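Shown next, in structure tokens, is the structure this report addresses.
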Amino acid sequence: MVTLTQLEYIVAVEKFGNFSAAAKSCFVTQPTLSMQIQKIEEELGVMIFNRSRQPITATAIGRKILDQSRVVLSESGLIRDLITKEKDSVEGDLRLAIIPTLAPYLLPLFLGDFSKNFPLVNLYVEESKTDDIIKGLKQNQIDIGLVVTPLDEPLLREHIIFHEPFYIYASKDSELAGKKAIAEGDLQDQELLLLTEGHCMREQMLKVCRHQQTRYSNSLAKVQFESGSIETLCHLVEKGNGYTVIPHLAKSWQDYRDGKIIPFISPSPSREVSLVVHRSFARESMLKALADCIKKSLPAELRQLTIQTTTIGIHKS
């Protein structure tokens, strides 16, 4: 009979692509993990993995077995989750994934308080792009995602935490630096610095600028640089290279910046930040505890924002 532990082993091998890393993640030795996977293959009479390739990949039948294994593991986890929910306790392992454009600004605000207030929670945090978080939630590799919504994913539930306005960040020597607020058409002849493909905020940057200048179809023709980091873009701006778009939480680093942060004329464009879970997620006390902790950690001006902001949503990134 195949055990849940053995299913965890094969899912780990698929995730890491090699037996050594999978064994380490499961806190067992590599020989133990290899032996257990061999037992599964012998009992089922099929090869789950193609060991001749690096990284190790699943065979055709192996992919089907892995898909069903994740379903079984997810359903078995509901038993523990239902008990935890019944006890209304906040404890156990929690795997949280957060997008890169939120991580450096938001994590330092709430991680310390969450750990202090809920010492029985073993929190594992990873930084991932939205598409990878969606995949992880669906495959039960992640418990909660901290992302920009809406996602329009039927298998996932979204819990809005806050709305975060955008600002223009420009060089102090640029024409934009003299403006108190950005209006439609102000970005016509400027150079926009973008995040690279795969970052949800890249699309939001483009939507913000297109939204502000709908009469100018060629206004983004001077895109000259792309980076995977908001901070890299800000440093380039400070050296006189065009302008970029930054979220409100990045604005709090203003004391360390040499550029000019300029708001948009109201209603300001913003992004919707949410905690996202699989529809089968049953640990509501855990979800509420995390949501409340994040909300309390936000800067006062962000908590007090009204519905005057116009949300710039994105379906996938």
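Every chain in the structure tokens has a letter given in the order shown (A, B, ...), and although residue numbers restart at 1 in each chain, ligands are simply numbered from 1 in the order shown.
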Practice prompt. Name the residues of stretch 87-118 of chain A that come out as helix (DSSP H, G or I) in a backbone DSSP run; write them as a ChimeraX atom specification.
Written response: /A:87,103-117
Please write the residues from the selection above to a file, keeping C-alpha atoms, as a PDB file, in the first residue's frame.
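This is the output file result_23.pdb:
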```pdb
ATOM      1  CA  LYS A  87     -10.000  24.314  17.867  1.00  0.00           C
ATOM      2  CA  ALA A 103       8.429  41.489  -0.567  1.00  0.00           C
ATOM      3  CA  PRO A 104      11.150  44.076   0.260  1.00  0.00           C
ATOM      4  CA  TYR A 105       8.655  46.696   1.394  1.00  0.00           C
ATOM      5  CA  LEU A 106       5.901  44.681   3.100  1.00  0.00           C
ATOM      6  CA  LEU A 107       7.638  41.708   4.745  1.00  0.00           C
ATOM      7  CA  PRO A 108       9.723  43.811   7.189  1.00  0.00           C
ATOM      8  CA  LEU A 109       6.537  45.500   8.404  1.00  0.00           C
ATOM      9  CA  PHE A 110       4.696  42.420   9.673  1.00  0.00           C
ATOM     10  CA  LEU A 111       6.995  39.385   9.944  1.00  0.00           C
ATOM     11  CA  GLY A 112       8.368  40.258  13.376  1.00  0.00           C
ATOM     12  CA  ASP A 113       4.969  40.932  14.926  1.00  0.00           C
ATOM     13  CA  PHE A 114       3.420  37.826  13.381  1.00  0.00           C
ATOM     14  CA  SER A 115       6.200  35.613  14.723  1.00  0.00           C
ATOM     15  CA  LYS A 116       5.920  37.202  18.167  1.00  0.00           C
ATOM     16  CA  ASN A 117       2.120  37.008  18.355  1.00  0.00           C
TER      17      ASN A 117
END
```
Can you list, as a compact mmCIF listing (two decimals) with N, CA, C and O atoms, in the first residue's frame, every protein, DNA or RNA residue that comes within 10 Å of A:Ile134 when you count only C-alpha atoms, leaving out same-chain residues fewer than 6 positions away?
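In the end it all went to selection24.txt:
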```txt
# COMPACT_ATOMS: atom_id res chain seq x y z
N ALA A 97 3.91 32.62 0.10
CA ALA A 97 4.67 33.11 -1.06
C ALA A 97 4.24 34.54 -1.35
O ALA A 97 3.05 34.87 -1.27
N SER A 128 8.22 34.73 -5.05
CA SER A 128 7.94 34.12 -6.35
C SER A 128 7.09 35.05 -7.20
O SER A 128 6.39 35.91 -6.67
N GLN A 141 1.58 23.25 -2.94
CA GLN A 141 2.96 23.50 -2.54
C GLN A 141 3.08 24.80 -1.74
O GLN A 141 4.10 25.07 -1.11
N ILE A 142 2.03 25.62 -1.79
CA ILE A 142 1.96 26.88 -1.07
C ILE A 142 0.60 26.95 -0.38
O ILE A 142 -0.41 26.51 -0.93
N ILE A 144 -0.62 30.04 1.28
CA ILE A 144 -1.18 31.37 1.07
C ILE A 144 -0.25 32.17 0.16
O ILE A 144 0.97 32.13 0.31
N GLY A 145 -0.85 32.89 -0.77
CA GLY A 145 -0.08 33.78 -1.63
C GLY A 145 -0.42 35.23 -1.32
O GLY A 145 -1.57 35.56 -1.05
N VAL A 147 -0.34 38.53 -3.20
CA VAL A 147 -0.19 38.95 -4.59
C VAL A 147 -1.11 40.12 -4.91
O VAL A 147 -1.92 40.55 -4.08
N LEU A 151 -7.19 37.84 -9.94
CA LEU A 151 -6.50 36.82 -10.72
C LEU A 151 -7.44 36.08 -11.67
O LEU A 151 -7.00 35.48 -12.63
N GLU A 153 -9.07 33.26 -11.09
CA GLU A 153 -8.76 31.83 -11.02
C GLU A 153 -9.87 31.14 -10.23
O GLU A 153 -9.97 31.31 -9.01
N LEU A 155 -10.29 28.25 -8.97
CA LEU A 155 -9.91 27.36 -7.88
C LEU A 155 -9.37 28.12 -6.67
O LEU A 155 -9.11 27.51 -5.62
N LEU A 156 -9.21 29.43 -6.78
CA LEU A 156 -8.61 30.22 -5.72
C LEU A 156 -9.58 31.23 -5.13
O LEU A 156 -10.49 31.71 -5.80
N VAL A 276 -4.29 35.16 -1.08
CA VAL A 276 -4.99 34.23 -1.95
C VAL A 276 -4.74 32.80 -1.48
O VAL A 276 -3.60 32.43 -1.16
N VAL A 277 -5.81 32.01 -1.42
CA VAL A 277 -5.71 30.61 -0.99
C VAL A 277 -6.51 29.73 -1.94
O VAL A 277 -7.34 30.21 -2.71
N HIS A 278 -6.25 28.43 -1.87
CA HIS A 278 -7.05 27.46 -2.62
C HIS A 278 -8.44 27.42 -2.02
O HIS A 278 -8.62 27.66 -0.82
N LYS A 316 -3.31 38.17 -14.91
CA LYS A 316 -2.19 37.24 -14.71
C LYS A 316 -0.90 37.98 -14.96
O LYS A 316 -0.86 38.97 -15.65
N SER A 317 0.17 37.44 -14.36
CA SER A 317 1.49 38.03 -14.59
C SER A 317 2.52 36.95 -14.73
O SER A 317 2.31 35.83 -14.35
```
Practice prompt. May I have all residues of stretch 12-195 of chain A that DSSP, computed from the backbone, assigns to strand (DSSP E), given as a PyMOL selection string?
Written response: chain A and resi 49-50+57-58+92-98+121-127+144-149+156-170+194-195
Practice prompt. Skip stretch 119-125 of chain A itself and residues of its chain fewer than 4 positions away, then list as a ChimeraX atom specification all residues within 7 Å of it, counting only C-alpha atoms.
Written response: /A:90-97,115
Please produce a file of those selected residues containing all heavy atoms, as a compact mmCIF listing (two decimals), in the first residue's frame.
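Generated file (part-v9.txt):
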```
# COMPACT_ATOMS: atom_id res chain seq x y z
N VAL A 90 -4.25 28.99 16.04
CA VAL A 90 -3.33 29.45 15.00
C VAL A 90 -1.99 28.79 15.28
O VAL A 90 -1.19 29.28 16.09
CB VAL A 90 -3.21 30.98 14.99
CG1 VAL A 90 -2.28 31.44 13.89
CG2 VAL A 90 -4.59 31.63 14.83
N GLU A 91 -1.75 27.65 14.65
CA GLU A 91 -0.54 26.88 14.90
C GLU A 91 -0.23 25.99 13.71
O GLU A 91 -1.06 25.82 12.81
CB GLU A 91 -0.69 26.03 16.16
CG GLU A 91 -1.84 25.03 16.07
CD GLU A 91 -2.04 24.27 17.37
OE1 GLU A 91 -2.42 24.89 18.38
OE2 GLU A 91 -1.80 23.04 17.35
N GLY A 92 0.97 25.44 13.69
CA GLY A 92 1.37 24.54 12.61
C GLY A 92 2.18 25.23 11.54
O GLY A 92 2.56 26.40 11.66
N ASP A 93 2.47 24.49 10.46
CA ASP A 93 3.27 25.02 9.36
C ASP A 93 2.43 25.92 8.47
O ASP A 93 1.26 25.64 8.20
CB ASP A 93 3.84 23.87 8.52
CG ASP A 93 4.83 23.03 9.29
OD1 ASP A 93 5.32 23.51 10.34
OD2 ASP A 93 5.13 21.90 8.86
N LEU A 94 3.06 26.99 7.98
CA LEU A 94 2.40 27.90 7.05
C LEU A 94 3.39 28.29 5.97
O LEU A 94 4.44 28.87 6.24
CB LEU A 94 1.90 29.16 7.77
CG LEU A 94 1.27 30.23 6.86
CD1 LEU A 94 0.04 29.68 6.14
CD2 LEU A 94 0.90 31.48 7.66
N ARG A 95 3.05 27.94 4.72
CA ARG A 95 3.92 28.26 3.58
C ARG A 95 3.34 29.47 2.86
O ARG A 95 2.27 29.39 2.26
CB ARG A 95 3.99 27.06 2.64
CG ARG A 95 4.57 25.79 3.28
CD ARG A 95 4.28 24.56 2.45
NE ARG A 95 2.84 24.30 2.38
CZ ARG A 95 2.29 23.31 1.68
NH1 ARG A 95 3.07 22.48 1.01
NH2 ARG A 95 0.97 23.14 1.65
N LEU A 96 4.05 30.57 2.95
CA LEU A 96 3.61 31.84 2.38
C LEU A 96 4.51 32.24 1.22
O LEU A 96 5.73 32.21 1.33
CB LEU A 96 3.64 32.94 3.46
CG LEU A 96 3.35 34.37 3.00
CD1 LEU A 96 1.88 34.51 2.57
CD2 LEU A 96 3.68 35.37 4.11
N ALA A 97 3.91 32.62 0.10
CA ALA A 97 4.67 33.11 -1.06
C ALA A 97 4.24 34.54 -1.35
O ALA A 97 3.05 34.87 -1.27
CB ALA A 97 4.45 32.23 -2.27
N SER A 115 5.44 36.65 14.02
CA SER A 115 6.20 35.61 14.72
C SER A 115 6.06 35.74 16.24
O SER A 115 5.95 34.73 16.95
CB SER A 115 7.68 35.71 14.32
OG SER A 115 8.45 34.74 15.00
```
Worksheet item: Quick one: of A:Cys26, A:Val46, A:Ala300, A:Leu146, who's nearest to A:Thr59, counting only C-alpha atoms?
Response: A:Val46
Worksheet entry | Point-to-point distance from atom CA of A:Thr244 to atom CA of A:Thr149, Å rounded to tenths | 21.4 Å
Which residues, written as a PDB file with N, CA and C atoms, in the first residue's frame, have at least one atom at most 9 Å from A:Arg63, with only C-alpha atoms counted and residues fewer than 6 positions away on the same chain left out?
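Listed below is the output, around-v9.pdb:
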```
ATOM      1  N   ILE A  48       8.020   6.083 -12.300  1.00  0.00           N
ATOM      2  CA  ILE A  48       7.465   7.430 -12.094  1.00  0.00           C
ATOM      3  C   ILE A  48       8.413   8.490 -12.630  1.00  0.00           C
ATOM      4  N   PHE A  49       9.721   8.254 -12.489  1.00  0.00           N
ATOM      5  CA  PHE A  49      10.714   9.243 -12.893  1.00  0.00           C
ATOM      6  C   PHE A  49      11.681   8.691 -13.933  1.00  0.00           C
ATOM      7  N   THR A  57      13.063  14.168 -14.421  1.00  0.00           N
ATOM      8  CA  THR A  57      11.712  14.504 -14.876  1.00  0.00           C
ATOM      9  C   THR A  57      10.785  13.305 -14.723  1.00  0.00           C
TER      10      THR A  57
END
```
Discussion item. Restricting the calculation to only C-alpha atoms: of A:Ala282, A:Val2, A:Pro150, A:Leu233, which residue gets closest to A:Glu42?
Written reply: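 Going through A:Ala282, A:Val2, A:Pro150, A:Leu233 one by one, the smallest distance to A:Glu42 is for A:Val2.
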Skipping near chain neighbours, those fewer than 4 positions away, what residues fall within 12 Å of A:Val28 using only C-alpha atoms, listed as a JSON list (two decimals) with N, CA, C and O atoms, in the first residue's frame?
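File written: part26.json
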```
[["chain", "number", "residue", "atom", "x", "y", "z"],
["A", 5, "THR", "N", 3.38, 9.45, 3.18],
["A", 5, "THR", "CA", 4.79, 9.87, 3.24],
["A", 5, "THR", "C", 5.49, 9.61, 1.91],
["A", 5, "THR", "O", 6.25, 10.44, 1.41],
["A", 6, "GLN", "N", 5.21, 8.45, 1.31],
["A", 6, "GLN", "CA", 5.80, 8.15, 0.02],
["A", 6, "GLN", "C", 5.33, 9.12, -1.06],
["A", 6, "GLN", "O", 6.09, 9.52, -1.93],
["A", 8, "GLU", "N", 4.51, 12.20, -0.51],
["A", 8, "GLU", "CA", 5.24, 13.44, -0.25],
["A", 8, "GLU", "C", 6.64, 13.39, -0.86],
["A", 8, "GLU", "O", 7.15, 14.39, -1.38],
["A", 9, "TYR", "N", 7.24, 12.22, -0.83],
["A", 9, "TYR", "CA", 8.59, 12.06, -1.38],
["A", 9, "TYR", "C", 8.59, 12.28, -2.90],
["A", 9, "TYR", "O", 9.48, 12.98, -3.43],
["A", 12, "ALA", "N", 8.10, 15.85, -3.80],
["A", 12, "ALA", "CA", 9.32, 16.63, -3.51],
["A", 12, "ALA", "C", 10.36, 16.45, -4.62],
["A", 12, "ALA", "O", 11.03, 17.40, -5.02],
["A", 19, "PHE", "N", 17.15, 13.92, -6.23],
["A", 19, "PHE", "CA", 16.84, 13.17, -5.02],
["A", 19, "PHE", "C", 17.49, 13.81, -3.78],
["A", 19, "PHE", "O", 16.92, 13.77, -2.69],
["A", 20, "SER", "N", 18.64, 14.38, -3.94],
["A", 20, "SER", "CA", 19.36, 14.95, -2.80],
["A", 20, "SER", "C", 18.59, 16.12, -2.18],
["A", 20, "SER", "O", 18.36, 16.16, -0.97],
["A", 21, "ALA", "N", 18.18, 17.08, -3.02],
["A", 21, "ALA", "CA", 17.44, 18.25, -2.52],
["A", 21, "ALA", "C", 16.07, 17.83, -1.98],
["A", 21, "ALA", "O", 15.59, 18.37, -0.98],
["A", 22, "ALA", "N", 15.44, 16.86, -2.65],
["A", 22, "ALA", "CA", 14.12, 16.37, -2.19],
["A", 22, "ALA", "C", 14.24, 15.74, -0.81],
["A", 22, "ALA", "O", 13.40, 15.97, 0.07],
["A", 23, "ALA", "N", 15.28, 14.93, -0.62],
["A", 23, "ALA", "CA", 15.48, 14.27, 0.68],
["A", 23, "ALA", "C", 15.72, 15.31, 1.77],
["A", 23, "ALA", "O", 15.18, 15.19, 2.88],
["A", 24, "LYS", "N", 16.51, 16.32, 1.46],
["A", 24, "LYS", "CA", 16.78, 17.38, 2.44],
["A", 24, "LYS", "C", 15.50, 18.11, 2.83],
["A", 24, "LYS", "O", 15.29, 18.41, 4.01],
["A", 32, "THR", "N", 17.19, 6.73, 1.97],
["A", 32, "THR", "CA", 15.84, 6.42, 2.46],
["A", 32, "THR", "C", 14.78, 6.85, 1.46],
["A", 32, "THR", "O", 13.86, 6.10, 1.13],
["A", 33, "LEU", "N", 14.93, 8.07, 0.96],
["A", 33, "LEU", "CA", 13.96, 8.57, -0.01],
["A", 33, "LEU", "C", 13.99, 7.76, -1.29],
["A", 33, "LEU", "O", 12.93, 7.39, -1.83],
["A", 34, "SER", "N", 15.18, 7.45, -1.79],
["A", 34, "SER", "CA", 15.30, 6.66, -3.03],
["A", 34, "SER", "C", 14.67, 5.28, -2.87],
["A", 34, "SER", "O", 13.99, 4.79, -3.78],
["A", 35, "MET", "N", 14.89, 4.66, -1.72],
["A", 35, "MET", "CA", 14.35, 3.32, -1.47],
["A", 35, "MET", "C", 12.82, 3.35, -1.44],
["A", 35, "MET", "O", 12.16, 2.46, -2.00],
["A", 36, "GLN", "N", 12.25, 4.39, -0.81],
["A", 36, "GLN", "CA", 10.79, 4.48, -0.72],
["A", 36, "GLN", "C", 10.16, 4.72, -2.09],
["A", 36, "GLN", "O", 9.10, 4.16, -2.40]]
```
Response to the item:
From the list A:Leu4, A:Ala58, A:Ile40, A:Met47, the nearest residue to A:Gly77 using only C-alpha atoms is A:Leu4
Worksheet item: Rounded to one decimal in Å, what is the spacing between atom CA of A:Lys135 and atom CA of A:Leu275?
Response: 15.0 Å
Worksheet, complete the sentence: Using only C-alpha atoms, the residue out of A:Arg279, A:Ala183, A:Glu238, A:Ile230 with shortest distance to A:Lys138 is A:Arg279
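Checking A:Glu14, A:Glu231, A:Glu301, A:Asp143 one by one against A:Ile37, counting only C-alpha atoms, you find the shortest gap at A:Glu14.
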Worksheet item: Got a sec: who's within 9 Å of A:Asp258, counting only C-alpha atoms, leaving out chain neighbours fewer than 5 positions off, as number ranges by chain?
Response: A: 171-172, 235, 237-239
